[in-house]
Structures are given as C-alpha cells and as structure tokens.
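Trainee: Please see the structure below; I have some questions.
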Amino acid sequence: MQLTSLRSTNTLSNHLPTPPSSSPPPSDATILSTSLARSNALSTALTSTNYRLAGATAFLVRDPSPPSETLLGIRIESFTNSQFGAPHYLILSARAPLNIKGGVGPGGRSLSLRHATIPPFFNLAGLAVKYLPVGIPAEKQRLDLLVRELRRKLAGWNRRGEVLQRVQARINNEDDGITGGISGRLGLGKLSSVRWDEARLNVEIEWEGMAEGGKGMQKVVGTVRLREDGFVDKSVVVLYSEEGGQGKRNGRGQRMRKFERILKTEGLQWLGQ
C-alpha cells in the first residue's frame, strides 16, 4: 500500500524542452515556403546530377563583347573513382562560311571553336580541323564525334591519374609491411618515387635498397609508356648497382625483363594495391 502514496518528483514535463517564450510557432505560410524552397533545391540538385551523368550537356551563352553574339557552350563530364572529375568546356560560335573571295558562301552557318578549357596535350586544334572543318555548314560538321572523342580522352586521363595517385600514396605510406610485397615478389628494394608527365602517359618509377651481400646500394629504374586506357604499352626496367654506397653508378645496368613482362600484363594497378 505504500506504492500508492509515492509521487514522482520527475514528471514528463521536466524532460521535455521548453520552447522559448519569445519565438512564436511558425505560421503555415512559413512552413509551406520553407518546404517549397527545400523541394526546389533538391530538384535542382537532382537535375544537375542527371545532366552530369549524361556526360555532355549543351547550353547557350551571350558574349558580353560587341557584337554580343549568342555562343554555344558544351560541358563535358567524366566520372571515375566514384566521383566526378573537373568539368571541361567548349565555347563555339556559329558564323556564315566565307568563300575564297571573302564573301559569304552558300549553305548554313558553320561552327568554330572560340574558347576551351581542354588540356593542351589533347591537340584540340587538330581535332577541330578533323571534326569541324572550316567553311562547311554545321549540319555537315561532326560536333558529336568531337565531344565523344574528347570525353573518352578526358576519362582515360582521369583513370590514369587515379592509378598514379594510388602508387604515390603507397610511396608516402612509410609502413614497410605495405611496400614489402613488391620486394618479396621480385627481389626489389623499397618503392621510392614515381613521376609522370602532364598527359600521364610517360611514367618513371624507382626502387631503392641494399645490394645483394650488403655491399653498396642498388636502384631499379622503370620507364613506362602508358596507353590512353591506362594499360602499359612499353616498359624498360633496369637494375643499377652503386659502388661502395658512394652514390656512383657503375654505368652499366641489367634489364629486368621478368618485371617488364609483369608490367605489360598487370599494369601499374598492382603497385598501388
């Protein structure tokens, strides 16, 4: 019977937050406008993502300089490593083709490149000559093939960068247990450096370690030529031995053809695993 006389000093109201008395509850109009704004933001984000997944989108822009013509913009996207790469843009103008005397030629308007953010090693000028020849109507030019080839090149460039960055990250990791797998497999030293050109097609890789018998150091230098798809096209791997650890190479190197064959079949991907 004692239970019936007990009263709790911690009621439910003590655990609920007390709304500030100075802020009135939002009105229905405020709630509706907030919900509508969030819905519009979500719709815009989904639309943008869908456009990016399409790979290439077109839009119109107005040139602010006289004669303020309308230009055609192309946005090219590439997707690798579960994320979008930096977008690249083509800006084209449509002008009437000229005849050899400088007059306006027959046919429709012709597309020509005005601006671009494409890396220079892709030889955009040569691709424009191939797909957007001067003096013929846009209907007979092949802008679609130009965009398709550029997107393929950009996707390959990003994939090669992903592999090379993984190799670089492995070098930066100082845990010998991670880099020791290569040494155990091929008798190489520690993976010490990787360098590549802007196009990510020519790569130089170095390994360093003690020479056999503990006399001096050895260095393995691999020069690799990649294809656009990231696979190895050609490679030359040479083992150098240094005299007495003084940093002088003996001038002769030994080709490591077994390693060259592994690079040819497995590529650089396994170096970054």
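Scheme for the structure tokens: letters A, B, ... for chains in order shown; per-chain residue numbers from 1; ligand numbers from 1 in order shown.
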If we count only C-alpha atoms, what is near Leu90 (chain A) at a cut-off of 7 Å, once residues fewer than 6 positions away on the same chain are taken out, given as a ChimeraX atom specification?
Mentor: /A:73-75,115-117
Trainee: Taking 4 positions as the minimum chain separation for residues in the same chain, which residues sit within 6 Å of Ala138 (chain A) when counting only C-alpha atoms? Answer as a ChimeraX atom specification.
Mentor: /A:109-111
Trainee: Go ahead and save the residues from that selection, with N, CA, C and O atoms, as an mmCIF file, in the first residue's frame.
Mentor:
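New file part_35.cif:
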```cif
data_model
loop_
_atom_site.group_PDB
_atom_site.id
_atom_site.type_symbol
_atom_site.label_atom_id
_atom_site.label_comp_id
_atom_site.auth_asym_id
_atom_site.auth_seq_id
_atom_site.Cartn_x
_atom_site.Cartn_y
_atom_site.Cartn_z
ATOM 1 N N ARG A 109 25.056 28.046 -91.387
ATOM 2 C CA ARG A 109 26.139 28.601 -90.580
ATOM 3 C C ARG A 109 27.098 27.505 -90.160
ATOM 4 O O ARG A 109 26.734 26.344 -90.013
ATOM 5 N N SER A 110 28.348 27.890 -89.920
ATOM 6 C CA SER A 110 29.407 26.943 -89.610
ATOM 7 C C SER A 110 29.871 27.155 -88.166
ATOM 8 O O SER A 110 30.004 28.289 -87.703
ATOM 9 N N LEU A 111 30.129 26.063 -87.445
ATOM 10 C CA LEU A 111 30.610 26.135 -86.072
ATOM 11 C C LEU A 111 32.129 26.242 -86.042
ATOM 12 O O LEU A 111 32.827 25.575 -86.806
#
```
Trainee: When you look at Gly267 (chain A) with a cut-off of 8 Å (counting only C-alpha atoms), what residues show up, excluding the ones that are within fewer than 6 positions of it in the same chain? I need them as a ChimeraX atom specification.
Mentor: /A:230-232
Trainee: Which distance in Å separates CA of Leu226 (chain A) and CA of Gly253 (chain A), to one decimal?
Mentor: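 Pair CA of Leu226 (chain A) / CA of Gly253 (chain A) returns 22.8 Å.
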Trainee: Nearest residue to Ser193 (chain A) out of A:Leu271, A:Phe79, A:Pro64, A:Ala125, using only C-alpha atoms?
Mentor: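 Nearest to Ser193 (chain A): A:Leu271.
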Trainee: Could you check the closest approach to Glu266 (chain A) for each of A:Glu228, A:Asp63, A:Asp233, A:Glu204 and tell me which residue wins, using only C-alpha atoms?
Mentor: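 Between A:Glu228, A:Asp63, A:Asp233, A:Glu204, the residue approaching Glu266 (chain A) most closely is A:Asp233.
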Trainee: Could you check how far CA of Ser241 (chain A) sits from CA of Lys258 (chain A), in Å to one decimal?
Mentor: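 Between CA of Ser241 (chain A) and CA of Lys258 (chain A) the gap is 18.2 Å.
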Trainee: Counting only C-alpha atoms, which residue out of A:Arg95, A:Pro133, A:His88, A:Arg170 sits closest to Lys153 (chain A)?
Mentor: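 Of A:Arg95, A:Pro133, A:His88, A:Arg170, the one nearest Lys153 (chain A) is A:His88, counting only C-alpha atoms.
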Trainee: So which one's closest to Arg160 (chain A), A:Val221, A:Ala199, A:Leu132, A:Val236? Using only C-alpha atoms, please.
Mentor: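 Smallest separation from Arg160 (chain A) among the options: A:Ala199.
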Trainee: Skip Phe59 (chain A) itself and residues of its chain fewer than 3 positions away, then list as a PyMOL selection string all residues within 12 Å of it, counting only C-alpha atoms.
Mentor: chain A and resi 51+56+62+70-76+89-92
Trainee: Could you name the residues that touch Val194 (chain A) at 9 Å or less, counting only C-alpha atoms, but leaving out those on the same chain fewer than 5 positions away, as a ChimeraX atom specification?
Mentor: /A:164,167-168,171,203-206
Trainee: Selection from above, N, CA and C atoms, as an mmCIF file, in the first residue's frame, can you write it?
Mentor:
```cif
data_model
loop_
_atom_site.group_PDB
_atom_site.id
_atom_site.type_symbol
_atom_site.label_atom_id
_atom_site.label_comp_id
_atom_site.auth_asym_id
_atom_site.auth_seq_id
_atom_site.Cartn_x
_atom_site.Cartn_y
_atom_site.Cartn_z
ATOM 1 N N LEU A 164 47.984 6.458 -60.790
ATOM 2 C CA LEU A 164 49.258 7.055 -60.392
ATOM 3 C C LEU A 164 49.180 7.646 -58.984
ATOM 4 N N VAL A 167 49.626 4.839 -56.529
ATOM 5 C CA VAL A 167 51.040 4.468 -56.385
ATOM 6 C C VAL A 167 51.768 5.492 -55.513
ATOM 7 N N GLN A 168 51.492 6.783 -55.742
ATOM 8 C CA GLN A 168 52.129 7.831 -54.952
ATOM 9 C C GLN A 168 51.728 7.717 -53.485
ATOM 10 N N ILE A 171 53.753 5.098 -51.832
ATOM 11 C CA ILE A 171 55.111 5.554 -51.525
ATOM 12 C C ILE A 171 55.110 6.414 -50.267
ATOM 13 N N VAL A 203 55.826 7.541 -67.574
ATOM 14 C CA VAL A 203 55.993 7.388 -66.124
ATOM 15 C C VAL A 203 57.385 6.837 -65.831
ATOM 16 N N GLU A 204 58.002 7.378 -64.786
ATOM 17 C CA GLU A 204 59.280 6.844 -64.307
ATOM 18 C C GLU A 204 59.108 6.427 -62.851
ATOM 19 N N ILE A 205 59.494 5.187 -62.545
ATOM 20 C CA ILE A 205 59.335 4.620 -61.212
ATOM 21 C C ILE A 205 60.705 4.166 -60.718
ATOM 22 N N GLU A 206 60.975 4.375 -59.429
ATOM 23 C CA GLU A 206 62.257 3.967 -58.856
ATOM 24 C C GLU A 206 62.046 3.159 -57.583
#
```
Trainee: Give me the residues within 8 Å of Val220 (chain A) as a ChimeraX atom specification, counting only C-alpha atoms and dropping any in the same chain fewer than 5 places off.
Mentor: /A:188-189,206-208,237-240
